[in-house]
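A.B. asks: Here you go, upload-v7.txt (compact mmCIF, C-alpha atoms):
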```
# COMPACT_ATOMS: atom_id res chain seq x y z
CA MET A 1 70.85 95.22 128.44
CA LYS A 2 67.28 94.23 127.62
CA THR A 3 66.05 90.87 126.50
CA ILE A 4 63.84 91.03 123.45
CA ALA A 5 61.86 88.71 121.20
CA LEU A 6 63.25 88.22 117.70
CA PRO A 7 60.44 90.01 115.77
CA ASP A 8 60.60 93.03 118.10
CA ALA A 9 64.38 93.29 117.75
CA VAL A 10 64.22 93.33 113.96
CA ASP A 11 61.25 95.71 114.05
CA MET A 12 63.65 98.34 115.51
CA ILE A 13 65.74 98.24 112.31
CA PRO A 14 64.39 100.74 109.75
CA ASP A 15 64.66 100.48 105.96
CA GLY A 16 67.92 102.07 104.84
CA ALA A 17 69.78 101.14 108.05
CA SER A 18 73.48 100.29 108.09
CA LEU A 19 74.26 96.89 109.62
CA LEU A 20 77.49 95.35 110.82
CA ILE A 21 76.90 91.59 110.61
CA GLY A 22 79.14 88.95 112.19
CA GLY A 23 80.24 85.77 110.45
CA PHE A 24 82.73 84.39 107.98
CA MET A 25 81.18 82.49 105.08
CA ALA A 26 77.99 82.32 107.22
CA VAL A 27 79.85 80.67 110.13
CA GLY A 28 78.99 82.79 113.18
CA THR A 29 76.29 84.82 111.42
CA PRO A 30 73.09 85.49 113.44
CA GLU A 31 71.01 83.35 111.12
CA ARG A 32 67.69 83.90 112.93
CA VAL A 33 68.08 87.69 112.65
CA VAL A 34 68.85 87.37 108.95
CA ASP A 35 65.76 85.22 108.43
CA GLU A 36 63.63 87.77 110.27
CA LEU A 37 65.07 90.66 108.22
CA VAL A 38 63.98 88.76 105.11
CA ARG A 39 60.55 87.96 106.60
CA GLN A 40 59.93 91.60 107.51
CA GLY A 41 61.32 92.71 104.13
CA LYS A 42 63.72 95.40 105.39
CA ARG A 43 65.14 97.11 102.33
CA ASP A 44 67.89 99.46 101.11
CA LEU A 45 70.24 98.07 103.72
CA THR A 46 73.95 98.83 103.89
CA VAL A 47 75.76 95.69 105.02
CA ILE A 48 79.29 95.74 106.41
CA ALA A 49 80.64 92.21 106.79
CA ASN A 50 83.57 90.04 105.82
CA ASP A 51 81.74 88.48 102.88
CA THR A 52 78.28 87.84 101.44
CA ALA A 53 78.45 84.08 102.09
CA MET A 54 76.71 81.97 99.46
CA PRO A 55 73.11 81.83 98.21
CA GLY A 56 70.83 80.37 100.87
CA LYS A 57 73.21 80.92 103.78
CA GLY A 58 73.74 83.86 106.16
CA ILE A 59 74.05 87.20 104.38
CA GLY A 60 73.45 85.34 101.10
CA LYS A 61 69.75 85.29 102.05
CA LEU A 62 69.67 89.11 102.19
CA VAL A 63 71.35 89.23 98.78
CA SER A 64 68.87 86.77 97.23
CA ALA A 65 65.94 88.77 98.61
CA GLY A 66 67.33 91.95 97.02
CA LEU A 67 67.39 93.82 100.33
CA ILE A 68 70.94 95.20 100.15
CA LYS A 69 71.69 98.58 98.57
CA LYS A 70 75.38 98.64 99.45
CA THR A 71 77.91 96.10 100.69
CA ILE A 72 81.30 96.78 102.24
CA ALA A 73 83.15 93.44 102.29
CA SER A 74 86.50 91.79 101.59
CA HIS A 75 85.24 88.89 99.50
CA ILE A 76 82.15 88.23 97.37
CA GLY A 77 83.66 85.46 95.22
CA LEU A 78 81.55 82.60 96.55
CA ASN A 79 78.23 84.37 95.97
CA PRO A 80 77.49 84.72 92.25
CA GLU A 81 74.27 86.63 93.05
CA THR A 82 76.28 89.44 94.69
CA GLN A 83 78.42 89.70 91.58
CA GLN A 84 75.34 89.72 89.31
CA GLN A 85 73.67 92.48 91.34
CA MET A 86 76.92 94.46 91.37
CA ILE A 87 77.33 94.18 87.58
CA ALA A 88 73.64 95.05 87.04
CA GLY A 89 74.09 98.17 89.19
CA GLU A 90 71.52 96.98 91.74
CA MET A 91 74.02 96.81 94.59
CA ALA A 92 77.05 99.00 95.24
CA VAL A 93 80.04 96.97 96.44
CA ASP A 94 83.12 98.37 98.18
CA LEU A 95 85.86 95.76 98.33
CA VAL A 96 88.27 96.24 101.24
CA PRO A 97 91.26 94.06 102.18
CA GLN A 98 90.16 91.82 105.05
CA GLY A 99 92.76 93.03 107.54
CA THR A 100 91.93 96.64 106.68
CA LEU A 101 88.19 96.04 107.00
CA ILE A 102 88.45 94.55 110.48
CA GLU A 103 90.83 97.32 111.60
CA ARG A 104 88.50 100.04 110.28
CA ILE A 105 85.68 98.49 112.30
CA ARG A 106 87.94 98.12 115.34
CA ALA A 107 88.90 101.78 115.00
CA GLY A 108 85.21 102.71 114.83
CA GLY A 109 84.48 100.80 118.01
CA PHE A 110 87.60 101.88 119.87
CA GLY A 111 87.24 105.62 119.39
CA LEU A 112 89.95 106.02 116.75
CA GLY A 113 89.65 108.10 113.60
CA GLY A 114 91.28 105.39 111.53
CA VAL A 115 94.41 103.28 111.20
CA LEU A 116 97.64 103.37 109.17
CA THR A 117 98.23 100.15 107.23
CA PRO A 118 100.87 99.14 104.69
CA THR A 119 98.27 96.92 102.97
CA GLY A 120 97.24 98.30 99.59
CA VAL A 121 100.04 100.86 99.15
CA GLY A 122 100.70 101.25 95.41
CA THR A 123 97.62 99.23 94.38
CA ILE A 124 94.17 100.36 93.26
CA VAL A 125 93.13 100.19 96.92
CA GLU A 126 95.17 103.38 97.43
CA GLU A 127 92.97 105.47 95.08
CA GLY A 128 91.46 108.45 96.87
CA LYS A 129 93.35 107.82 100.11
CA ARG A 130 96.11 109.67 101.93
CA ARG A 131 99.54 108.04 101.98
CA ILE A 132 101.43 108.82 105.17
CA GLU A 133 105.14 108.16 105.78
CA VAL A 134 106.17 107.03 109.26
CA ASP A 135 109.87 106.38 109.91
CA GLY A 136 110.48 105.98 106.18
CA LYS A 137 107.72 103.44 105.59
CA SER A 138 104.53 104.14 103.60
CA TYR A 139 101.06 103.55 105.00
CA LEU A 140 97.51 104.28 103.87
CA LEU A 141 95.17 106.20 106.15
CA GLU A 142 92.10 103.99 106.42
CA THR A 143 89.18 105.66 108.17
CA ALA A 144 86.99 104.20 110.91
CA LEU A 145 83.73 102.37 110.19
CA ARG A 146 80.63 102.22 112.38
CA ALA A 147 77.00 101.29 111.69
CA ASP A 148 73.52 101.94 113.04
CA PHE A 149 73.27 98.33 114.27
CA ALA A 150 75.71 95.53 115.03
CA LEU A 151 74.17 92.07 114.69
CA VAL A 152 76.31 89.71 116.77
CA HIS A 153 76.15 85.95 117.17
CA ALA A 154 77.75 84.23 120.18
CA PHE A 155 77.98 80.68 121.48
CA LEU A 156 77.13 81.58 125.08
CA ALA A 157 75.34 84.60 126.50
CA ASP A 158 74.51 85.00 130.18
CA TYR A 159 71.41 86.74 131.49
CA SER A 160 73.34 90.00 131.88
CA GLY A 161 74.65 89.98 128.29
CA ASN A 162 78.21 88.72 128.67
CA LEU A 163 79.22 86.83 125.53
CA ALA A 164 81.62 84.00 124.69
CA TYR A 165 82.20 82.59 121.22
CA ALA A 166 82.92 79.18 119.68
CA LEU A 167 85.97 78.30 117.57
CA THR A 168 85.91 79.91 114.10
CA ALA A 169 82.42 81.36 114.69
CA ARG A 170 84.13 84.18 116.62
CA ASN A 171 85.68 85.97 113.59
CA PHE A 172 84.21 89.51 113.21
CA ASN A 173 81.67 89.20 116.06
CA PRO A 174 83.53 90.64 119.08
CA VAL A 175 84.92 93.46 116.94
CA ILE A 176 81.60 94.55 115.40
CA ALA A 177 79.99 94.41 118.86
CA MET A 178 82.06 97.52 119.71
CA ALA A 179 81.09 99.48 116.58
CA GLY A 180 77.30 99.46 116.40
CA ASN A 181 75.20 102.37 117.68
CA THR A 182 72.74 99.68 118.79
CA VAL A 183 74.09 96.20 119.48
CA ILE A 184 71.78 93.20 119.12
CA ALA A 185 73.05 89.73 120.05
CA THR A 186 71.86 86.17 119.62
CA ALA A 187 73.47 83.13 121.23
CA GLU A 188 73.31 79.36 120.83
CA HIS A 189 72.80 79.05 124.58
CA ILE A 190 71.64 81.57 127.17
CA VAL A 191 72.95 80.63 130.62
CA PRO A 192 72.75 81.97 134.19
CA VAL A 193 75.10 84.74 135.27
CA GLY A 194 78.30 83.17 136.58
CA VAL A 195 78.36 80.22 134.19
CA ILE A 196 80.75 82.11 131.90
CA ALA A 197 83.84 82.72 134.01
CA PRO A 198 85.10 86.32 133.94
CA ASP A 199 88.28 85.19 132.18
CA HIS A 200 86.19 83.58 129.44
CA VAL A 201 83.93 86.55 128.72
CA VAL A 202 85.02 88.01 125.38
CA THR A 203 82.37 90.72 124.98
CA PRO A 204 81.47 92.35 128.32
CA ALA A 205 77.77 92.76 129.16
CA PRO A 206 77.56 96.59 129.01
CA ILE A 207 78.41 96.47 125.29
CA ILE A 208 75.19 94.61 124.45
CA ASP A 209 71.94 96.60 124.16
CA TYR A 210 69.56 93.75 123.31
CA LEU A 211 69.83 90.00 123.75
CA ILE A 212 67.33 88.07 121.65
CA THR A 213 65.58 85.35 123.62
CA ASN A 214 65.88 81.73 122.53
CA GLN A 215 62.72 79.75 121.87
CA MET B 1 103.07 63.50 88.38
CA ASP B 2 100.60 66.22 87.42
CA ALA B 3 101.42 69.93 87.50
CA GLN B 4 99.62 70.66 90.77
CA THR B 5 101.32 67.78 92.58
CA ILE B 6 104.78 68.85 91.42
CA ILE B 7 104.12 72.39 92.66
CA ALA B 8 102.65 71.34 96.00
CA ARG B 9 105.37 68.77 96.72
CA ARG B 10 108.16 71.21 95.92
CA ILE B 11 106.69 73.96 98.10
CA ALA B 12 106.24 71.51 100.99
CA ARG B 13 110.03 71.23 101.04
CA GLU B 14 110.22 74.90 102.03
CA LEU B 15 108.49 74.12 105.34
CA ARG B 16 110.57 74.09 108.54
CA SER B 17 109.50 72.87 111.97
CA GLY B 18 107.84 75.51 114.12
CA MET B 19 106.80 77.75 111.22
CA LEU B 20 103.43 79.50 111.23
CA VAL B 21 102.15 79.05 107.68
CA ASN B 22 99.09 80.40 105.85
CA LEU B 23 97.93 78.53 102.74
CA GLY B 24 95.67 80.19 100.18
CA ILE B 25 92.95 78.37 98.29
CA GLY B 26 93.61 76.20 95.21
CA ILE B 27 97.05 74.66 94.67
CA PRO B 28 98.39 76.17 97.95
CA THR B 29 95.91 74.09 99.98
CA LEU B 30 97.47 70.92 98.54
CA VAL B 31 100.82 71.76 100.19
CA ALA B 32 99.38 70.51 103.52
CA ASN B 33 99.19 67.00 102.02
CA TYR B 34 102.98 66.82 101.51
CA VAL B 35 104.47 68.11 104.78
CA PRO B 36 107.71 66.09 105.23
CA ALA B 37 107.45 63.43 107.95
CA ASN B 38 110.05 65.02 110.24
CA VAL B 39 108.58 68.53 109.97
CA SER B 40 105.86 69.99 112.20
CA VAL B 41 104.31 73.35 111.31
CA PHE B 42 101.30 75.39 112.44
CA PHE B 43 98.79 76.14 109.70
CA GLN B 44 96.71 79.29 110.12
CA SER B 45 93.22 79.78 108.70
CA GLU B 46 92.59 83.52 108.53
CA ASN B 47 89.03 83.12 109.79
CA GLY B 48 90.62 82.67 113.20
CA LEU B 49 92.43 79.37 113.73
CA ILE B 50 96.03 78.24 114.29
CA GLY B 51 96.50 74.49 114.25
CA THR B 52 94.24 73.71 111.30
CA GLY B 53 94.15 69.97 110.71
CA PRO B 54 92.84 67.67 107.99
CA ILE B 55 89.22 67.55 106.83
CA PRO B 56 87.39 65.36 109.36
CA GLU B 57 85.66 62.20 108.27
CA GLU B 58 81.96 62.24 107.45
CA GLY B 59 79.86 62.78 110.57
CA MET B 60 82.77 64.24 112.57
CA THR B 61 82.51 67.82 111.35
CA HIS B 62 81.38 70.76 113.48
CA PRO B 63 79.58 73.84 112.12
CA THR B 64 81.87 76.22 114.04
CA LEU B 65 85.16 74.65 112.96
CA THR B 66 85.81 75.74 109.41
CA ASP B 67 88.52 77.03 107.08
CA ALA B 68 88.59 80.37 105.27
CA GLY B 69 86.38 78.92 102.53
CA GLY B 70 83.75 77.90 105.10
CA ARG B 71 84.55 74.18 104.72
CA PRO B 72 84.82 71.88 107.74
CA VAL B 73 88.31 71.29 109.12
CA SER B 74 89.74 69.79 112.28
CA ALA B 75 91.91 71.43 114.93
CA LEU B 76 95.10 69.68 116.04
CA PRO B 77 96.21 69.45 119.69
CA GLY B 78 97.64 72.84 120.66
CA ALA B 79 95.30 74.73 118.33
CA SER B 80 94.04 78.21 119.19
CA THR B 81 91.17 80.36 117.97
CA PHE B 82 90.83 84.14 117.90
CA ASP B 83 88.95 86.99 116.27
CA SER B 84 89.67 88.54 112.86
CA ALA B 85 91.59 91.54 114.26
CA MET B 86 94.02 89.14 115.96
CA SER B 87 94.16 86.97 112.85
CA PHE B 88 95.24 89.90 110.68
CA GLY B 89 97.50 91.23 113.41
CA LEU B 90 99.33 87.93 113.07
CA ILE B 91 99.45 88.35 109.29
CA ARG B 92 100.25 92.04 108.98
CA GLY B 93 102.48 92.11 112.03
CA GLY B 94 105.06 89.75 110.53
CA HIS B 95 104.19 86.79 112.76
CA VAL B 96 103.35 84.49 109.84
CA ASP B 97 106.60 82.90 108.67
CA MET B 98 105.39 81.88 105.24
CA THR B 99 102.35 82.26 103.06
CA VAL B 100 101.64 80.26 99.92
CA LEU B 101 99.28 81.95 97.47
CA GLY B 102 97.95 81.33 94.00
CA GLY B 103 98.87 83.76 91.24
CA LEU B 104 97.48 85.18 88.01
CA GLN B 105 100.71 86.98 87.05
CA VAL B 106 104.12 87.61 88.56
CA ASP B 107 106.36 90.17 86.88
CA GLU B 108 110.13 90.07 86.47
CA HIS B 109 110.58 92.24 89.55
CA GLY B 110 108.63 89.76 91.67
CA ARG B 111 105.39 91.69 91.92
CA LEU B 112 102.23 89.61 92.17
CA ALA B 113 98.76 90.09 90.69
CA ASN B 114 96.30 87.54 92.03
CA TRP B 115 92.99 89.08 93.00
CA MET B 116 91.05 90.36 90.01
CA ILE B 117 90.62 90.37 86.25
CA PRO B 118 88.85 93.68 85.53
CA GLY B 119 85.49 93.11 83.84
CA LYS B 120 85.72 89.34 84.24
CA MET B 121 86.46 88.17 87.75
CA VAL B 122 86.01 90.46 90.75
CA PRO B 123 85.84 88.18 93.79
CA GLY B 124 87.50 90.63 96.18
CA MET B 125 90.97 90.40 97.64
CA GLY B 126 89.97 88.74 100.91
CA GLY B 127 93.18 88.39 102.90
CA ALA B 128 95.61 88.27 99.96
CA MET B 129 96.81 91.89 100.12
CA ASP B 130 97.49 91.67 103.86
CA LEU B 131 99.29 88.35 103.47
CA VAL B 132 101.62 89.63 100.76
CA SER B 133 102.25 92.86 102.68
CA GLY B 134 102.93 91.21 106.01
CA ALA B 135 104.13 87.60 105.83
CA LYS B 136 107.86 87.07 106.33
CA ARG B 137 108.10 84.93 103.22
CA VAL B 138 105.75 84.88 100.22
CA VAL B 139 105.67 81.84 97.94
CA VAL B 140 103.51 81.79 94.81
CA ALA B 141 102.12 78.46 93.61
CA MET B 142 100.87 78.62 90.04
CA GLN B 143 101.00 76.92 86.67
CA HIS B 144 103.70 78.37 84.43
CA THR B 145 101.35 79.28 81.59
CA VAL B 146 97.65 79.79 80.96
CA LYS B 147 96.32 78.96 77.47
CA GLY B 148 99.93 78.87 76.24
CA LYS B 149 100.72 82.34 77.62
CA SER B 150 103.40 82.84 80.25
CA LYS B 151 102.12 83.91 83.68
CA ILE B 152 105.60 85.16 84.53
CA VAL B 153 105.52 88.42 82.63
CA LYS B 154 107.67 91.52 82.04
CA GLU B 155 105.10 93.78 83.69
CA CYS B 156 101.82 92.78 85.35
CA SER B 157 98.85 93.92 83.24
CA LEU B 158 96.41 92.94 86.01
CA PRO B 159 95.93 94.97 89.22
CA LEU B 160 98.75 94.31 91.70
CA THR B 161 98.18 92.63 95.03
CA SER B 162 101.07 94.50 96.65
CA LEU B 163 104.24 96.39 95.72
CA ARG B 164 106.13 93.96 97.95
CA MET B 165 108.30 91.53 96.02
CA VAL B 166 107.46 87.83 96.42
CA ASP B 167 110.29 85.50 97.46
CA LEU B 168 109.67 82.42 95.36
CA VAL B 169 107.51 81.26 92.48
CA VAL B 170 107.05 77.52 92.03
CA THR B 171 105.50 76.19 88.81
CA GLU B 172 105.37 72.74 87.21
CA LEU B 173 108.45 73.73 85.21
CA ALA B 174 110.65 75.72 87.56
CA VAL B 175 111.50 77.40 90.82
CA ILE B 176 112.15 81.11 90.36
CA ALA B 177 113.57 83.37 93.06
CA PHE B 178 113.76 87.17 93.09
CA ARG B 179 117.18 87.71 94.57
CA GLU B 180 118.33 91.31 94.16
CA GLY B 181 115.08 92.20 92.43
CA GLN B 182 115.75 90.00 89.40
CA ALA B 183 113.88 86.85 88.34
CA THR B 184 116.41 84.04 88.68
CA LEU B 185 115.92 80.42 87.65
CA ILE B 186 117.11 78.35 90.59
CA GLU B 187 115.67 74.89 89.83
CA THR B 188 113.94 73.07 87.00
CA ALA B 189 111.33 70.29 87.26
CA PRO B 190 112.47 66.73 86.52
CA GLY B 191 113.12 66.33 82.78
CA ILE B 192 112.89 70.08 82.09
CA LYS B 193 115.94 71.96 80.73
CA PRO B 194 116.67 75.61 81.57
CA GLU B 195 116.12 76.55 77.91
CA ASP B 196 112.61 75.00 78.07
CA VAL B 197 111.80 77.31 80.98
CA VAL B 198 113.26 80.36 79.24
CA ARG B 199 111.16 79.58 76.14
CA SER B 200 107.98 79.37 78.22
CA THR B 201 108.69 82.57 80.16
CA GLU B 202 107.94 86.10 78.99
CA ALA B 203 109.96 87.74 81.78
CA GLN B 204 113.71 88.17 81.49
CA LEU B 205 115.19 85.26 83.47
CA THR B 206 118.68 85.18 84.91
CA VAL B 207 119.99 81.64 84.36
CA PRO B 208 123.01 80.62 86.47
CA ALA B 209 125.60 78.25 84.94
CA ASN B 210 124.37 75.39 87.07
CA VAL B 211 120.62 74.96 87.64
CA PRO B 212 119.80 71.88 89.75
CA GLU B 213 116.71 69.74 89.33
CA MET B 214 113.86 70.02 91.87
CA GLN B 215 113.94 67.46 94.65
CA LEU B 216 110.41 66.14 95.13
```
Could you render the structure as structure tokens?
C.D. replies:
Amino acid sequence: MKTIALPDAVDMIPDGASLLIGGFMAVGTPERVVDELVRQGKRDLTVIANDTAMPGKGIGKLVSAGLIKKTIASHIGLNPETQQQMIAGEMAVDLVPQGTLIERIRAGGFGLGGVLTPTGVGTIVEEGKRRIEVDGKSYLLETALRADFALVHAFLADYSGNLAYALTARNFNPVIAMAGNTVIATAEHIVPVGVIAPDHVVTPAPIIDYLITNQ
Amino acid sequence: MDAQTIIARRIARELRSGMLVNLGIGIPTLVANYVPANVSVFFQSENGLIGTGPIPEEGMTHPTLTDAGGRPVSALPGASTFDSAMSFGLIRGGHVDMTVLGGLQVDEHGRLANWMIPGKMVPGMGGAMDLVSGAKRVVVAMQHTVKGKSKIVKECSLPLTSLRMVDLVVTELAVIAFREGQATLIETAPGIKPEDVVRSTEAQLTVPANVPEMQL
């Protein structure tokens, strides 16, 4: 793990990169990284996240700035700008059931080719997918998802990169941390090694490539 | 009593102590306001919380304690938090005893459509498909009609949420169950006669000889 200043971390992300971004309706989203992506004007991004938040918050800022080429998410209903860009053909949107989305990311991070889920069988979600019977029950084969970068936000990080999360700001963060080719983390507080007890570490240090320093 | 209150109060009577319950947005959220005094349940928010409590008073909110709509909530003693894979493991794995969801249409075989109107409203399914696939019991909270048209239809014209049959539909007029795959009128709202419900319903309804009135 390396510590890195915010502008240098975002500078590593090229135009056209795919990004897994933590957060649920902007709660637990690495807001400083999002702001810096907007400031540096990174474009043609593919964003994989639970939702696109709302205008002015979290991923909503990337939407407003027109930086996203494609979104893979479970819900875009609270961001009218996402829907406008989708209808105008400016942004491709793949809608995925939330439990399927998180499992596809988990599969990507855990070395699995995909998962079998009953969710979506017989609905339009099934289109183009393989249906597999196991012990008489139908499942869809949902393939694994990874991205060039995972952008993680934690409550606590220690100097070695161990992470712990707060309440409902945990959501997608520990799962996406496993599925990025490069994993960049921010934290509310950066604390000495040992302050986070081993039992309370959720994301172990070796998973994190870069920890962005706090100002 | 307005339509939403009738629906929420009636559904609250389905709650039993110890249940793990997930409430969708809209009318389902109101069910939490009418939990009977002697009943204690766990409410789950799918963003990663069991033990969701009431909205805190002004100045007592915390930015990392929110519901699935991103709004501030409180956590009751005994609450727990977890990541989204765990949250949907709870949902898909059959650990959620009951979910209450809004509906656009339910057909006479109990199939629900509640996540999109093609060309008009495409918000995404969020957790709805997983909830209907995995919860032990699925209760739909919706108004009986929209613009005079029955929402309980012969066949859903909107995209389905799941092939799985829902257990109960509660409207401001009636409680409808899907026992043996057939829409059956099991209760009417106060002052509503079974024939009123039949007249307002497109789906074929089985009407038993004796249909009791809802207890609210």
A.B. asks: Box time for stretch 184-188 of chain A: axis-aligned, enclosing all its listed atoms, 8 Å extra on each side; report centre and edge lengths in Å to one decimal, as lines of an AutoDock Vina configuration file.
C.D. replies:
```
center_x = 72.6
center_y = 86.3
center_z = 120.2
size_x = 17.7
size_y = 29.8
size_z = 18.1
```
A.B. asks: Please, what distance in Å, to one decimal, runs between atom CA of B:Ser17 and atom CA of B:Asn38?
C.D. replies: 8.1 Å
A.B. asks: So that each row is one residue of stretch 131-186 of chain B with an atom at most 12 Å from stretch 95-107 of chain A, can you give its shortest atom pair and the distance in Å to one decimal, using only C-alpha atoms, rows by chain and rising number, as CSV?
C.D. replies:
```
residue,atom,partner,partner_atom,distance
B:Leu131,CA,A:Gly99,CA,9.0
B:Val132,CA,A:Pro97,CA,11.4
B:Ser133,CA,A:Gly99,CA,10.7
B:Gly134,CA,A:Gly99,CA,10.4
B:Thr161,CA,A:Pro97,CA,10.1
B:Ser162,CA,A:Pro97,CA,11.3
```
A.B. asks: Near chain A, which residues of chain B fall within 7 Å when you count only C-alpha atoms, and what do they look like as a PyMOL selection string?
C.D. replies: chain B and resi 47-49+64-66+69-70+81-85+88+123-127+129-130+133+159-163
A.B. asks: Between atom CA of A:Ala179 and atom CA of A:Ser18, what distance in Å does the model show, to one decimal?
C.D. replies: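 If I compute the distance from atom CA of A:Ala179 to atom CA of A:Ser18, I get 11.4 Å.
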A.B. asks: I'd like the contact shell of A:Val152 - 7 Å cut-off, all atoms listed in the file, skipping same-chain residues fewer than 6 positions apart - returned as a list in words.
C.D. replies: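 Once the nearby chain positions are removed, what remains is Ile21, Gly22, Pro30, Asn173, Ala177, Ile184, Ala185 and Thr186 of chain A.
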A.B. asks: Would you list the contacts of B:Val175 as a ChimeraX atom specification, taking every protein, DNA or RNA residue within 9 Å and counting all atoms listed in the file, but skipping same-chain residues closer than 2 positions in sequence?
C.D. replies: /B:10,168-173,177,184-189,214
A.B. asks: Residues within 8 Å of stretch 180-182 of chain B, please, as a list in words. Count all atoms listed in the file; anything in the same chain fewer than 6 positions from it doesn't count.
C.D. replies: Glu108, His109, Gly110, Met165, Leu205 and Thr206 of chain B
A.B. asks: Keeping C-alpha atoms, export the residues of the selection given above as a short mmCIF file (atom, residue, chain, number, x, y, z; two decimals), keeping the file's coordinate frame.
C.D. replies:
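Saved file selection25.cif follows:
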```cif
data_model
loop_
_atom_site.label_atom_id
_atom_site.label_comp_id
_atom_site.auth_asym_id
_atom_site.auth_seq_id
_atom_site.Cartn_x
_atom_site.Cartn_y
_atom_site.Cartn_z
CA GLU B 108 110.13 90.07 86.47
CA HIS B 109 110.58 92.24 89.55
CA GLY B 110 108.63 89.76 91.67
CA MET B 165 108.30 91.53 96.02
CA LEU B 205 115.19 85.26 83.47
CA THR B 206 118.68 85.18 84.91
#
```
A.B. asks: Could I get stretch 128-145 of chain A rebuilt with N, CA and C atoms, written as a PDB file, keeping the file's coordinate frame?
C.D. replies:
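Generated file (out_17.pdb):
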```
ATOM      1  N   GLY A 128      92.287 107.567  96.056  1.00  0.00           N
ATOM      2  CA  GLY A 128      91.460 108.450  96.870  1.00  0.00           C
ATOM      3  C   GLY A 128      91.847 108.497  98.340  1.00  0.00           C
ATOM      4  N   LYS A 129      92.954 107.840  98.692  1.00  0.00           N
ATOM      5  CA  LYS A 129      93.350 107.820 100.110  1.00  0.00           C
ATOM      6  C   LYS A 129      94.645 108.580 100.335  1.00  0.00           C
ATOM      7  N   ARG A 130      94.866 108.985 101.584  1.00  0.00           N
ATOM      8  CA  ARG A 130      96.110 109.670 101.930  1.00  0.00           C
ATOM      9  C   ARG A 130      97.195 108.659 102.241  1.00  0.00           C
ATOM     10  N   ARG A 131      98.388 108.882 101.658  1.00  0.00           N
ATOM     11  CA  ARG A 131      99.540 108.040 101.980  1.00  0.00           C
ATOM     12  C   ARG A 131     100.370 108.805 103.010  1.00  0.00           C
ATOM     13  N   ILE A 132     100.709 108.160 104.079  1.00  0.00           N
ATOM     14  CA  ILE A 132     101.430 108.820 105.170  1.00  0.00           C
ATOM     15  C   ILE A 132     102.724 108.054 105.440  1.00  0.00           C
ATOM     16  N   GLU A 133     103.845 108.788 105.492  1.00  0.00           N
ATOM     17  CA  GLU A 133     105.140 108.160 105.780  1.00  0.00           C
ATOM     18  C   GLU A 133     105.391 108.204 107.284  1.00  0.00           C
ATOM     19  N   VAL A 134     105.757 107.070 107.855  1.00  0.00           N
ATOM     20  CA  VAL A 134     106.170 107.030 109.260  1.00  0.00           C
ATOM     21  C   VAL A 134     107.502 106.298 109.321  1.00  0.00           C
ATOM     22  N   ASP A 135     108.523 106.979 109.820  1.00  0.00           N
ATOM     23  CA  ASP A 135     109.870 106.380 109.910  1.00  0.00           C
ATOM     24  C   ASP A 135     110.289 105.740 108.584  1.00  0.00           C
ATOM     25  N   GLY A 136     110.002 106.431 107.488  1.00  0.00           N
ATOM     26  CA  GLY A 136     110.480 105.980 106.180  1.00  0.00           C
ATOM     27  C   GLY A 136     109.641 104.898 105.531  1.00  0.00           C
ATOM     28  N   LYS A 137     108.560 104.483 106.182  1.00  0.00           N
ATOM     29  CA  LYS A 137     107.720 103.440 105.590  1.00  0.00           C
ATOM     30  C   LYS A 137     106.361 104.042 105.213  1.00  0.00           C
ATOM     31  N   SER A 138     105.792 103.575 104.089  1.00  0.00           N
ATOM     32  CA  SER A 138     104.530 104.140 103.600  1.00  0.00           C
ATOM     33  C   SER A 138     103.323 103.372 104.142  1.00  0.00           C
ATOM     34  N   TYR A 139     102.315 104.124 104.503  1.00  0.00           N
ATOM     35  CA  TYR A 139     101.060 103.550 105.000  1.00  0.00           C
ATOM     36  C   TYR A 139      99.894 104.285 104.351  1.00  0.00           C
ATOM     37  N   LEU A 140      98.741 103.617 104.282  1.00  0.00           N
ATOM     38  CA  LEU A 140      97.510 104.280 103.870  1.00  0.00           C
ATOM     39  C   LEU A 140      96.712 104.641 105.117  1.00  0.00           C
ATOM     40  N   LEU A 141      96.101 105.830 105.079  1.00  0.00           N
ATOM     41  CA  LEU A 141      95.170 106.200 106.150  1.00  0.00           C
ATOM     42  C   LEU A 141      93.816 105.592 105.800  1.00  0.00           C
ATOM     43  N   GLU A 142      93.398 104.652 106.610  1.00  0.00           N
ATOM     44  CA  GLU A 142      92.100 103.990 106.420  1.00  0.00           C
ATOM     45  C   GLU A 142      91.174 104.442 107.545  1.00  0.00           C
ATOM     46  N   THR A 143      90.040 105.022 107.175  1.00  0.00           N
ATOM     47  CA  THR A 143      89.180 105.660 108.170  1.00  0.00           C
ATOM     48  C   THR A 143      88.285 104.651 108.893  1.00  0.00           C
ATOM     49  N   ALA A 144      87.802 105.069 110.051  1.00  0.00           N
ATOM     50  CA  ALA A 144      86.990 104.200 110.910  1.00  0.00           C
ATOM     51  C   ALA A 144      85.628 103.918 110.292  1.00  0.00           C
ATOM     52  N   LEU A 145      85.069 102.775 110.645  1.00  0.00           N
ATOM     53  CA  LEU A 145      83.730 102.370 110.190  1.00  0.00           C
ATOM     54  C   LEU A 145      82.852 102.065 111.407  1.00  0.00           C
TER      55      LEU A 145
END
```
